[in-house]
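Student: input.cif is reproduced below (mmCIF, C-alpha atoms).
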data_work
loop_
_atom_site.group_PDB
_atom_site.id
_atom_site.type_symbol
_atom_site.label_atom_id
_atom_site.label_comp_id
_atom_site.auth_asym_id
_atom_site.auth_seq_id
_atom_site.Cartn_x
_atom_site.Cartn_y
_atom_site.Cartn_z
ATOM 1 C CA MET A 292 -20.586 -37.392 4.640
ATOM 2 C CA ALA A 293 -18.067 -36.991 1.869
ATOM 3 C CA GLU A 294 -16.092 -40.094 1.052
ATOM 4 C CA ARG A 295 -13.216 -38.451 -0.745
ATOM 5 C CA ARG A 296 -10.598 -37.130 1.649
ATOM 6 C CA ILE A 297 -7.927 -34.454 1.481
ATOM 7 C CA ILE A 298 -5.301 -34.404 4.203
ATOM 8 C CA ILE A 299 -4.140 -30.977 5.364
ATOM 9 C CA ARG A 300 -0.412 -30.349 4.819
ATOM 10 C CA PRO A 301 1.747 -27.522 6.146
ATOM 11 C CA LEU A 302 2.044 -24.526 3.843
ATOM 12 C CA THR A 303 5.399 -24.266 2.069
ATOM 13 C CA LYS A 304 6.578 -22.120 -0.827
ATOM 14 C CA GLU A 305 7.316 -25.253 -2.824
ATOM 15 C CA GLY A 306 3.964 -26.867 -2.170
ATOM 16 C CA PHE A 307 2.049 -23.710 -2.995
ATOM 17 C CA ALA A 308 4.137 -22.679 -6.017
ATOM 18 C CA SER A 309 1.666 -23.838 -8.650
ATOM 19 C CA PHE A 310 -1.114 -21.756 -7.046
ATOM 20 C CA GLY A 311 0.746 -18.571 -6.131
ATOM 21 C CA GLU A 312 3.154 -17.206 -3.537
ATOM 22 C CA VAL A 313 3.592 -17.571 0.200
ATOM 23 C CA ILE A 314 3.890 -14.153 1.863
ATOM 24 C CA GLU A 315 6.344 -14.607 4.722
ATOM 25 C CA THR A 316 9.684 -13.281 5.900
ATOM 26 C CA ALA A 317 11.277 -16.736 5.994
ATOM 27 C CA GLY A 318 13.464 -17.200 2.958
ATOM 28 C CA ALA A 319 12.521 -13.834 1.461
ATOM 29 C CA HIS A 320 14.864 -11.359 -0.191
ATOM 30 C CA HIS A 321 15.401 -8.538 2.291
ATOM 31 C CA TYR A 322 17.510 -5.465 2.875
ATOM 32 C CA ALA A 323 17.873 -2.660 5.390
ATOM 33 C CA ILE A 324 16.247 0.733 4.885
ATOM 34 C CA ASN A 325 15.646 3.760 7.131
ATOM 35 C CA LYS A 326 19.246 3.921 8.342
ATOM 36 C CA GLY A 327 19.104 0.326 9.444
ATOM 37 C CA MET A 328 15.981 0.704 11.574
ATOM 38 C CA THR A 329 13.758 -1.248 9.178
ATOM 39 C CA GLU A 330 14.278 -4.483 7.284
ATOM 40 C CA ARG A 331 12.314 -4.673 4.054
ATOM 41 C CA PHE A 332 11.265 -8.190 2.947
ATOM 42 C CA HIS A 333 10.656 -7.136 -0.590
ATOM 43 C CA ASP A 334 8.073 -7.881 -3.256
ATOM 44 C CA LEU A 335 6.521 -11.066 -1.904
ATOM 45 C CA ALA A 336 3.476 -11.318 -4.187
ATOM 46 C CA THR A 337 2.791 -10.820 -7.875
ATOM 47 C CA VAL A 338 -0.269 -8.588 -7.862
ATOM 48 C CA GLU A 339 -2.159 -9.195 -11.098
ATOM 49 C CA ILE A 340 -4.682 -6.525 -12.082
ATOM 50 C CA GLY A 341 -6.413 -7.223 -15.360
ATOM 51 C CA GLY A 342 -9.624 -6.312 -17.163
ATOM 52 C CA ASP A 343 -11.157 -2.920 -17.821
ATOM 53 C CA ASN A 344 -10.462 -0.175 -15.292
ATOM 54 C CA GLY A 345 -8.663 -2.651 -13.074
ATOM 55 C CA ARG A 346 -7.146 -1.278 -9.876
ATOM 56 C CA THR A 347 -5.636 -2.634 -6.700
ATOM 57 C CA LEU A 348 -7.934 -2.877 -3.673
ATOM 58 C CA VAL A 349 -6.864 -3.081 -0.038
ATOM 59 C CA SER A 350 -9.620 -4.502 2.166
ATOM 60 C CA LEU A 351 -10.068 -6.225 5.513
ATOM 61 C CA PHE A 352 -11.927 -9.537 5.749
ATOM 62 C CA ARG A 353 -13.402 -10.760 9.029
ATOM 63 C CA GLY A 354 -14.031 -14.490 8.773
ATOM 64 C CA LYS A 355 -15.978 -16.887 10.943
ATOM 65 C CA PRO A 356 -14.084 -20.081 11.707
ATOM 66 C CA TYR A 357 -14.659 -23.492 10.175
ATOM 67 C CA ALA A 358 -14.531 -26.726 12.156
ATOM 68 C CA LEU A 359 -12.512 -29.718 10.983
ATOM 69 C CA PRO A 360 -13.131 -31.991 9.260
ATOM 70 C CA LEU A 361 -14.852 -29.700 6.778
ATOM 71 C CA THR A 362 -16.892 -30.608 3.750
ATOM 72 C CA LEU A 363 -15.608 -28.828 0.648
ATOM 73 C CA ASP A 364 -18.209 -28.507 -2.077
ATOM 74 C CA LEU A 365 -17.463 -25.104 -3.639
ATOM 75 C CA LEU A 366 -14.419 -23.676 -5.363
ATOM 76 C CA GLU A 367 -14.032 -20.327 -7.069
ATOM 77 C CA ARG A 368 -11.556 -18.394 -9.167
ATOM 78 C CA HIS A 369 -11.015 -14.792 -10.202
ATOM 79 C CA PRO A 370 -10.264 -14.494 -13.928
ATOM 80 C CA LEU A 371 -9.257 -10.820 -13.778
ATOM 81 C CA GLY A 372 -6.851 -10.637 -10.857
ATOM 82 C CA SER A 373 -4.826 -12.180 -8.069
ATOM 83 C CA GLN A 374 -5.971 -12.208 -4.451
ATOM 84 C CA ALA A 375 -3.637 -11.977 -1.469
ATOM 85 C CA PHE A 376 -4.581 -12.811 2.126
ATOM 86 C CA TYR A 377 -2.500 -12.028 5.192
ATOM 87 C CA PRO A 378 -3.673 -13.122 8.680
ATOM 88 C CA LEU A 379 -4.013 -10.439 11.356
ATOM 89 C CA SER A 380 -5.350 -12.386 14.321
ATOM 90 C CA GLY A 381 -2.356 -14.505 15.259
ATOM 91 C CA ARG A 382 -4.001 -17.823 14.511
ATOM 92 C CA PRO A 383 -3.347 -20.583 11.984
ATOM 93 C CA TRP A 384 -5.759 -20.809 9.067
ATOM 94 C CA LEU A 385 -6.395 -22.932 5.988
ATOM 95 C CA SER A 386 -5.758 -22.134 2.359
ATOM 96 C CA ILE A 387 -7.320 -24.572 -0.097
ATOM 97 C CA ALA A 388 -6.473 -24.414 -3.800
ATOM 98 C CA ALA A 389 -6.861 -26.689 -6.786
ATOM 99 C CA PRO A 390 -5.313 -27.059 -10.226
ATOM 100 C CA ASP A 391 -7.480 -26.586 -13.256
ATOM 101 C CA ALA A 392 -8.601 -29.748 -15.026
ATOM 102 C CA GLY A 393 -10.251 -28.815 -18.306
ATOM 103 C CA GLY A 394 -12.113 -25.798 -16.974
ATOM 104 C CA LYS A 395 -13.095 -27.466 -13.700
ATOM 105 C CA PRO A 396 -11.204 -27.808 -10.425
ATOM 106 C CA GLY A 397 -8.925 -30.815 -10.157
ATOM 107 C CA THR A 398 -8.015 -32.456 -6.858
ATOM 108 C CA PRO A 399 -7.696 -29.729 -4.210
ATOM 109 C CA HIS A 400 -4.758 -29.240 -1.858
ATOM 110 C CA ALA A 401 -5.336 -28.017 1.710
ATOM 111 C CA PHE A 402 -2.536 -26.022 3.349
ATOM 112 C CA LEU A 403 -2.229 -25.224 7.037
ATOM 113 C CA CYS A 404 -0.917 -21.651 7.144
ATOM 114 C CA GLY A 405 0.854 -20.328 10.198
ATOM 115 C CA PRO A 406 -0.170 -17.075 11.900
ATOM 116 C CA ASP A 407 2.695 -15.319 10.084
ATOM 117 C CA GLN A 408 2.029 -16.794 6.650
ATOM 118 C CA GLY A 409 -0.059 -15.143 3.983
ATOM 119 C CA VAL A 410 -0.719 -16.330 0.464
ATOM 120 C CA ASN A 411 -1.216 -14.658 -2.895
ATOM 121 C CA ILE A 412 -3.478 -16.724 -5.124
ATOM 122 C CA ARG A 413 -2.668 -16.343 -8.775
ATOM 123 C CA ARG A 414 -5.251 -14.983 -11.207
ATOM 124 C CA ASN A 415 -7.752 -17.572 -12.411
ATOM 125 C CA THR A 416 -6.615 -20.193 -9.880
ATOM 126 C CA TRP A 417 -9.254 -22.364 -8.188
ATOM 127 C CA HIS A 418 -9.495 -21.926 -4.441
ATOM 128 C CA ALA A 419 -11.927 -22.301 -1.581
ATOM 129 C CA VAL A 420 -13.414 -19.409 0.339
ATOM 130 C CA LEU A 421 -11.450 -17.873 3.222
ATOM 131 C CA THR A 422 -11.086 -20.558 5.886
ATOM 132 C CA PRO A 423 -10.155 -19.332 9.369
ATOM 133 C CA LEU A 424 -9.844 -21.864 12.173
ATOM 134 C CA HIS A 425 -10.663 -21.759 15.891
ATOM 135 C CA ALA A 426 -12.113 -18.220 16.174
ATOM 136 C CA VAL A 427 -13.261 -15.199 14.204
ATOM 137 C CA SER A 428 -10.151 -13.897 12.445
ATOM 138 C CA ASP A 429 -9.244 -10.826 10.433
ATOM 139 C CA PHE A 430 -7.190 -10.765 7.231
ATOM 140 C CA LEU A 431 -5.725 -8.027 5.105
ATOM 141 C CA VAL A 432 -6.658 -8.645 1.479
ATOM 142 C CA VAL A 433 -5.093 -7.226 -1.683
ATOM 143 C CA ASP A 434 -7.177 -7.982 -4.751
ATOM 144 C CA ARG A 435 -8.624 -6.424 -7.870
ATOM 145 C CA GLY A 436 -11.449 -3.982 -8.419
ATOM 146 C CA GLY A 437 -12.824 -2.712 -11.716
ATOM 147 C CA ASP A 438 -15.338 -3.587 -14.382
ATOM 148 C CA GLY A 439 -16.238 -7.061 -15.582
ATOM 149 C CA ASN A 440 -17.090 -10.376 -13.937
ATOM 150 C CA ASN A 441 -14.189 -11.427 -11.733
ATOM 151 C CA LEU A 442 -15.840 -14.433 -10.073
ATOM 152 C CA GLU A 443 -16.369 -17.954 -11.348
ATOM 153 C CA GLU A 444 -17.802 -20.511 -8.943
ATOM 154 C CA TYR A 445 -17.879 -24.275 -9.300
ATOM 155 C CA THR A 446 -20.046 -26.482 -7.126
ATOM 156 C CA LEU A 447 -18.676 -30.010 -6.792
ATOM 157 C CA SER A 448 -21.144 -32.787 -7.464
ATOM 158 C CA GLU A 449 -19.133 -34.972 -5.122
ATOM 159 C CA PRO A 450 -17.660 -33.036 -2.154
ATOM 160 C CA TRP A 451 -14.299 -33.554 -0.509
ATOM 161 C CA LEU A 452 -13.770 -34.069 3.199
ATOM 162 C CA VAL A 453 -10.787 -32.009 4.419
ATOM 163 C CA VAL A 454 -9.199 -33.751 7.381
ATOM 164 C CA GLU A 455 -6.269 -33.144 9.704
ATOM 165 C CA SER A 456 -4.686 -36.551 9.118
ATOM 166 C CA MET B 144 17.600 18.879 22.011
ATOM 167 C CA ALA B 145 14.970 20.160 19.614
ATOM 168 C CA GLU B 146 12.983 23.118 20.830
ATOM 169 C CA ARG B 147 10.013 22.754 18.504
ATOM 170 C CA ARG B 148 7.492 20.250 19.790
ATOM 171 C CA ILE B 149 4.781 18.146 18.173
ATOM 172 C CA ILE B 150 2.255 16.498 20.457
ATOM 173 C CA ILE B 151 1.095 13.020 19.439
ATOM 174 C CA ARG B 152 -2.655 12.779 18.789
ATOM 175 C CA PRO B 153 -4.811 9.694 18.282
ATOM 176 C CA LEU B 154 -5.221 8.600 14.664
ATOM 177 C CA THR B 155 -8.639 9.374 13.202
ATOM 178 C CA LYS B 156 -9.951 9.316 9.646
ATOM 179 C CA GLU B 157 -10.727 13.021 9.873
ATOM 180 C CA GLY B 158 -7.330 13.991 11.234
ATOM 181 C CA PHE B 159 -5.488 11.927 8.640
ATOM 182 C CA ALA B 160 -7.696 12.832 5.676
ATOM 183 C CA SER B 161 -5.321 15.335 4.122
ATOM 184 C CA PHE B 162 -2.499 12.755 4.119
ATOM 185 C CA GLY B 163 -4.359 9.599 3.054
ATOM 186 C CA GLU B 164 -6.677 6.946 4.456
ATOM 187 C CA VAL B 165 -6.972 5.063 7.722
ATOM 188 C CA ILE B 166 -7.250 1.320 7.085
ATOM 189 C CA GLU B 167 -9.592 -0.025 9.753
ATOM 190 C CA THR B 168 -12.902 -1.823 10.056
ATOM 191 C CA ALA B 169 -14.450 0.914 12.213
ATOM 192 C CA GLY B 170 -16.751 3.034 10.097
ATOM 193 C CA ALA B 171 -15.879 1.183 6.883
ATOM 194 C CA HIS B 172 -18.318 0.115 4.187
ATOM 195 C CA HIS B 173 -18.786 -3.636 4.565
ATOM 196 C CA TYR B 174 -20.908 -6.492 3.321
ATOM 197 C CA ALA B 175 -21.233 -10.231 3.740
ATOM 198 C CA ILE B 176 -19.671 -12.690 1.305
ATOM 199 C CA ASN B 177 -19.002 -16.447 1.332
ATOM 200 C CA LYS B 178 -22.577 -17.353 2.359
ATOM 201 C CA GLY B 179 -22.345 -15.056 5.347
ATOM 202 C CA MET B 180 -19.139 -16.568 6.730
ATOM 203 C CA THR B 181 -16.977 -13.546 5.842
ATOM 204 C CA GLU B 182 -17.546 -9.824 6.210
ATOM 205 C CA ARG B 183 -15.686 -7.763 3.625
ATOM 206 C CA PHE B 184 -14.641 -4.252 4.742
ATOM 207 C CA HIS B 185 -14.178 -3.038 1.231
ATOM 208 C CA ASP B 186 -11.688 -0.834 -0.588
ATOM 209 C CA LEU B 187 -10.056 0.975 2.307
ATOM 210 C CA ALA B 188 -7.097 2.557 0.503
ATOM 211 C CA THR B 189 -6.559 4.312 -2.808
ATOM 212 C CA VAL B 190 -3.530 2.520 -4.204
ATOM 213 C CA GLU B 191 -1.748 4.919 -6.554
ATOM 214 C CA ILE B 192 0.708 3.350 -9.005
ATOM 215 C CA GLY B 193 2.326 5.852 -11.341
ATOM 216 C CA GLY B 194 5.443 6.201 -13.432
ATOM 217 C CA ASP B 195 6.914 3.862 -16.003
ATOM 218 C CA ASN B 196 6.292 0.156 -15.531
ATOM 219 C CA GLY B 197 4.584 0.841 -12.221
ATOM 220 C CA ARG B 198 3.198 -2.160 -10.365
ATOM 221 C CA THR B 199 1.811 -2.924 -6.942
ATOM 222 C CA LEU B 200 4.227 -4.461 -4.436
ATOM 223 C CA VAL B 201 3.295 -6.438 -1.330
ATOM 224 C CA SER B 202 6.137 -6.530 1.197
ATOM 225 C CA LEU B 203 6.737 -7.086 4.891
ATOM 226 C CA PHE B 204 8.637 -4.513 6.945
ATOM 227 C CA ARG B 205 10.257 -5.420 10.266
ATOM 228 C CA GLY B 206 10.928 -2.230 12.213
ATOM 229 C CA LYS B 207 12.975 -1.534 15.305
ATOM 230 C CA PRO B 208 11.145 0.597 17.866
ATOM 231 C CA TYR B 209 11.697 4.273 18.580
ATOM 232 C CA ALA B 210 11.679 5.736 22.077
ATOM 233 C CA LEU B 211 9.668 8.815 22.958
ATOM 234 C CA PRO B 212 10.232 11.678 22.849
ATOM 235 C CA LEU B 213 11.839 11.285 19.445
ATOM 236 C CA THR B 214 13.773 13.824 17.433
ATOM 237 C CA LEU B 215 12.360 14.159 13.922
ATOM 238 C CA ASP B 216 14.844 15.512 11.428
ATOM 239 C CA LEU B 217 14.007 13.674 8.196
ATOM 240 C CA LEU B 218 10.889 13.486 6.093
ATOM 241 C CA GLU B 219 10.399 11.757 2.769
ATOM 242 C CA ARG B 220 7.824 11.379 0.030
ATOM 243 C CA HIS B 221 7.195 9.052 -2.891
ATOM 244 C CA PRO B 222 6.303 10.973 -6.063
ATOM 245 C CA LEU B 223 5.258 7.898 -8.040
ATOM 246 C CA GLY B 224 2.964 6.028 -5.689
ATOM 247 C CA SER B 225 1.056 5.620 -2.462
ATOM 248 C CA GLN B 226 2.336 3.536 0.433
ATOM 249 C CA ALA B 227 0.119 1.575 2.829
ATOM 250 C CA PHE B 228 1.210 0.172 6.187
ATOM 251 C CA TYR B 229 -0.770 -2.278 8.307
ATOM 252 C CA PRO B 230 0.552 -3.411 11.728
ATOM 253 C CA LEU B 231 0.958 -7.153 12.321
ATOM 254 C CA SER B 232 2.429 -7.285 15.800
ATOM 255 C CA GLY B 233 -0.506 -6.150 17.906
ATOM 256 C CA ARG B 234 1.147 -2.999 19.165
ATOM 257 C CA PRO B 235 0.444 0.706 18.755
ATOM 258 C CA TRP B 236 2.739 2.628 16.447
ATOM 259 C CA LEU B 237 3.280 6.151 15.166
ATOM 260 C CA SER B 238 2.493 7.609 11.775
ATOM 261 C CA ILE B 239 3.995 11.049 11.154
ATOM 262 C CA ALA B 240 3.004 13.070 8.091
ATOM 263 C CA ALA B 241 3.317 16.658 6.978
ATOM 264 C CA PRO B 242 1.646 18.960 4.463
ATOM 265 C CA ASP B 243 3.700 20.373 1.654
ATOM 266 C CA ALA B 244 4.805 23.984 2.016
ATOM 267 C CA GLY B 245 6.341 25.154 -1.225
ATOM 268 C CA GLY B 246 8.199 21.949 -2.004
ATOM 269 C CA LYS B 247 9.320 21.405 1.595
ATOM 270 C CA PRO B 248 7.543 19.742 4.521
ATOM 271 C CA GLY B 249 5.325 22.020 6.589
ATOM 272 C CA THR B 250 4.546 21.409 10.254
ATOM 273 C CA PRO B 251 4.286 17.635 10.824
ATOM 274 C CA HIS B 252 1.444 15.836 12.548
ATOM 275 C CA ALA B 253 2.123 12.777 14.712
ATOM 276 C CA PHE B 254 -0.625 10.164 14.970
ATOM 277 C CA LEU B 255 -0.813 7.355 17.512
ATOM 278 C CA CYS B 256 -2.150 4.376 15.561
ATOM 279 C CA GLY B 257 -3.839 1.490 17.322
ATOM 280 C CA PRO B 258 -2.775 -2.133 16.779
ATOM 281 C CA ASP B 259 -5.731 -2.539 14.390
ATOM 282 C CA GLN B 260 -5.174 0.669 12.439
ATOM 283 C CA GLY B 261 -3.208 0.925 9.227
ATOM 284 C CA VAL B 262 -2.671 3.953 7.041
ATOM 285 C CA ASN B 263 -2.323 4.551 3.331
ATOM 286 C CA ILE B 264 -0.116 7.564 2.639
ATOM 287 C CA ARG B 265 -1.064 9.385 -0.518
ATOM 288 C CA ARG B 266 1.398 9.729 -3.386
ATOM 289 C CA ASN B 267 3.879 12.568 -2.939
ATOM 290 C CA THR B 268 2.878 13.207 0.687
ATOM 291 C CA TRP B 269 5.587 14.003 3.215
ATOM 292 C CA HIS B 270 5.973 11.444 6.001
ATOM 293 C CA ALA B 271 8.515 10.131 8.454
ATOM 294 C CA VAL B 272 10.041 6.686 8.277
ATOM 295 C CA LEU B 273 8.174 3.734 9.782
ATOM 296 C CA THR B 274 7.942 4.360 13.528
ATOM 297 C CA PRO B 275 7.121 1.329 15.670
ATOM 298 C CA LEU B 276 6.945 1.724 19.447
ATOM 299 C CA HIS B 277 7.900 -0.533 22.370
ATOM 300 C CA ALA B 278 9.320 -3.543 20.457
ATOM 301 C CA VAL B 279 10.363 -4.834 17.063
ATOM 302 C CA SER B 280 7.165 -4.898 14.990
ATOM 303 C CA ASP B 281 6.149 -6.229 11.607
ATOM 304 C CA PHE B 282 3.990 -4.443 9.049
ATOM 305 C CA LEU B 283 2.413 -5.441 5.781
ATOM 306 C CA VAL B 284 3.214 -2.808 3.164
ATOM 307 C CA VAL B 285 1.515 -2.135 -0.178
ATOM 308 C CA ASP B 286 3.485 0.288 -2.305
ATOM 309 C CA ARG B 287 4.805 0.870 -5.791
ATOM 310 C CA GLY B 288 7.560 -0.766 -7.768
ATOM 311 C CA GLY B 289 8.801 0.151 -11.224
ATOM 312 C CA ASP B 290 11.222 2.437 -12.995
ATOM 313 C CA GLY B 291 12.133 5.964 -11.957
ATOM 314 C CA ASN B 292 13.077 7.708 -8.735
ATOM 315 C CA ASN B 293 10.270 7.235 -6.226
ATOM 316 C CA LEU B 294 12.013 8.741 -3.187
ATOM 317 C CA GLU B 295 12.554 12.353 -2.186
ATOM 318 C CA GLU B 296 14.109 13.038 1.199
ATOM 319 C CA TYR B 297 14.201 16.302 3.120
ATOM 320 C CA THR B 298 16.475 16.866 6.091
ATOM 321 C CA LEU B 299 15.163 19.499 8.471
ATOM 322 C CA SER B 300 17.639 22.194 9.452
ATOM 323 C CA GLU B 301 15.744 22.565 12.720
ATOM 324 C CA PRO B 302 14.370 19.261 14.040
ATOM 325 C CA TRP B 303 11.061 18.658 15.805
ATOM 326 C CA LEU B 304 10.669 16.910 19.120
ATOM 327 C CA VAL B 305 7.729 14.482 19.031
ATOM 328 C CA VAL B 306 6.258 14.146 22.510
ATOM 329 C CA GLU B 307 3.413 12.282 24.155
ATOM 330 C CA SER B 308 1.833 15.354 25.714
#
Can you give me the file's structure in the form of structure tokens?
Tutor:
Amino acid sequence: MAERRIIIRPLTKEGFASFGEVIETAGAHHYAINKGMTERFHDLATVEIGGDNGRTLVSLFRGKPYALPLTLDLLERHPLGSQAFYPLSGRPWLSIAAPDAGGKPGTPHAFLCGPDQGVNIRRNTWHAVLTPLHAVSDFLVVDRGGDGNNLEEYTLSEPWLVVES
Amino acid sequence: MAERRIIIRPLTKEGFASFGEVIETAGAHHYAINKGMTERFHDLATVEIGGDNGRTLVSLFRGKPYALPLTLDLLERHPLGSQAFYPLSGRPWLSIAAPDAGGKPGTPHAFLCGPDQGVNIRRNTWHAVLTPLHAVSDFLVVDRGGDGNNLEEYTLSEPWLVVES
């Protein structure tokens, strides 16, 4: 059992700002289109597409749920592009990200995301794998395809225990 | 009341192929990632980003519903980029698209999309505005930002009536 603990906090734009953007209508710039029938909450994520032959991918991820507390022993980052996740199954989920500390992950932060909150993880930012809660859940994902190695993984020698409180 | 009628048909990949892609897990190429915890349904839409300073936008659209039958008198297209819509509110919705006929929209097709079906409308392809049904509905949208005029609208002199059968 991991000794080091991380307490899950609610996802907020401010709390997540050093890792990327929160994709949500709350607080977003918006305006009416389509003769007032549609409200556009505009440009909520900075999609970064780098490397050779980089292009934007739209994919669906279907994730099995994790139980809490969970043992976190692996973080990853994508040096060539950002990665956005938006939940489709109406359930809360976890986003875990970490600052860089000299080429390795620093202390992670665990965010409880609401069923109407997505995130866009900035290029080359440490994060955990997709972490649904409670049940199998689908996500829409916008990330980067193209040539080159876009995955760096880091296995922690000493895991973290991610807890609700 | 419009005299010309279009009957709504279920959305299928084959039926929509000339207008773009259906974004759905059914029939999609997929593979396991994250030590088997996540299934990735990969690369479901060709995101086209053209023009000067083009970049991928991720936005949320909140659309008021339309009642059926609906009178269709406006189509539009985006010459500089594709536009993907994925439903977030668990309700069916309509996607209406039309072939080009000499710089004007030809006969439209109306597709009934399931609550787990998105579409990616190809660059410069005629389509109607976002058409939710039954209740206010949210959509995740992936389209193009940047310089230049990315909107062409065409008002039909003789509208179509879009009907359920």
Student: Take the PyMOL selection byres ((chain A) within 7 of (chain B)), apply it to the structure above, and return the hits as a list in words.
Tutor: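 In the shown coordinates, the PyMOL selection byres ((chain A) within 7 of (chain B)) covers Thr316, Asn325, Met328, Thr329, Glu330, Arg331, Phe332, His333, Asp334, Leu335, Ala336, Val338, Thr347, Leu348, Val349, Ser350, Leu351, Phe352, Arg353, Gly354, Lys355, Leu379 and Val420 of chain A.
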Student: Let me know the residues the PyMOL selection byres ((chain B and resi 242-255) around 9) catches in the file above, as a PDB file with C-alpha atoms, in the frame of the given file.
Tutor:
ATOM      1  CA  ILE B 149       4.781  18.146  18.173  1.00  0.00           C
ATOM      2  CA  ILE B 150       2.255  16.498  20.457  1.00  0.00           C
ATOM      3  CA  ILE B 151       1.095  13.020  19.439  1.00  0.00           C
ATOM      4  CA  ARG B 152      -2.655  12.779  18.789  1.00  0.00           C
ATOM      5  CA  PRO B 153      -4.811   9.694  18.282  1.00  0.00           C
ATOM      6  CA  LEU B 154      -5.221   8.600  14.664  1.00  0.00           C
ATOM      7  CA  THR B 155      -8.639   9.374  13.202  1.00  0.00           C
ATOM      8  CA  GLY B 158      -7.330  13.991  11.234  1.00  0.00           C
ATOM      9  CA  PHE B 159      -5.488  11.927   8.640  1.00  0.00           C
ATOM     10  CA  SER B 161      -5.321  15.335   4.122  1.00  0.00           C
ATOM     11  CA  PHE B 162      -2.499  12.755   4.119  1.00  0.00           C
ATOM     12  CA  LEU B 218      10.889  13.486   6.093  1.00  0.00           C
ATOM     13  CA  GLU B 219      10.399  11.757   2.769  1.00  0.00           C
ATOM     14  CA  PRO B 235       0.444   0.706  18.755  1.00  0.00           C
ATOM     15  CA  TRP B 236       2.739   2.628  16.447  1.00  0.00           C
ATOM     16  CA  LEU B 237       3.280   6.151  15.166  1.00  0.00           C
ATOM     17  CA  SER B 238       2.493   7.609  11.775  1.00  0.00           C
ATOM     18  CA  ILE B 239       3.995  11.049  11.154  1.00  0.00           C
ATOM     19  CA  ALA B 240       3.004  13.070   8.091  1.00  0.00           C
ATOM     20  CA  ALA B 241       3.317  16.658   6.978  1.00  0.00           C
ATOM     21  CA  CYS B 256      -2.150   4.376  15.561  1.00  0.00           C
ATOM     22  CA  GLY B 257      -3.839   1.490  17.322  1.00  0.00           C
ATOM     23  CA  THR B 268       2.878  13.207   0.687  1.00  0.00           C
ATOM     24  CA  TRP B 269       5.587  14.003   3.215  1.00  0.00           C
ATOM     25  CA  HIS B 270       5.973  11.444   6.001  1.00  0.00           C
ATOM     26  CA  ALA B 271       8.515  10.131   8.454  1.00  0.00           C
ATOM     27  CA  TYR B 297      14.201  16.302   3.120  1.00  0.00           C
ATOM     28  CA  LEU B 299      15.163  19.499   8.471  1.00  0.00           C
ATOM     29  CA  TRP B 303      11.061  18.658  15.805  1.00  0.00           C
ATOM     30  CA  VAL B 305       7.729  14.482  19.031  1.00  0.00           C
ATOM     31  CA  VAL B 306       6.258  14.146  22.510  1.00  0.00           C
TER      32      VAL B 306
END
Student: Over all Cα atoms in order, fit chain B to chain A and jot down the RMSD to one decimal place.
Tutor: 0.0 Å
Student: Using all atoms listed in the file, which of A:Gly341, A:Gly437, A:Glu294, A:Pro360 sits nearest Ser456 of chain A?
Tutor: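 Closest to Ser456 of chain A of all the choices is A:Pro360.
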Student: What's the separation between atom CA of Gly261 of chain B and atom CA of Pro302 of chain B, in Å to one decimal place?
Tutor: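 The value is 25.9 Å.
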Student: Residues at most 12 Å from Gly439 of chain A, counting all atoms listed in the file, excluding those fewer than 6 positions away in the same chain, as a short mmCIF file (atom, residue, chain, number, x, y, z; two decimals) with C-alpha atoms, in the coordinates of the input?
Tutor:
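Final output, around.cif:
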data_model
loop_
_atom_site.label_atom_id
_atom_site.label_comp_id
_atom_site.auth_asym_id
_atom_site.auth_seq_id
_atom_site.Cartn_x
_atom_site.Cartn_y
_atom_site.Cartn_z
CA GLY A 341 -6.41 -7.22 -15.36
CA GLY A 342 -9.62 -6.31 -17.16
CA ASP A 343 -11.16 -2.92 -17.82
CA ASN A 344 -10.46 -0.18 -15.29
CA GLY A 345 -8.66 -2.65 -13.07
CA HIS A 369 -11.02 -14.79 -10.20
CA PRO A 370 -10.26 -14.49 -13.93
CA LEU A 371 -9.26 -10.82 -13.78
CA GLY A 372 -6.85 -10.64 -10.86
#
Student: I'd like the interatomic distance between atom CA of Gln226 of chain B and atom CA of Asp290 of chain B, to a tenth of an Å.
Tutor: 16.1 Å
Student: One decimal, Å: what's the distance from atom CA of Arg148 of chain B over to atom CA of Thr298 of chain B, could you say?
Tutor: 16.7 Å
Student: Identify which of the residues A:Asn440, A:Leu452, A:Arg382, A:Ser373 lies closest to Arg414 of chain A, counting only C-alpha atoms when measuring atom-to-atom distances.
Tutor: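 The shortest atom-to-atom distance to Arg414 of chain A comes from A:Ser373.
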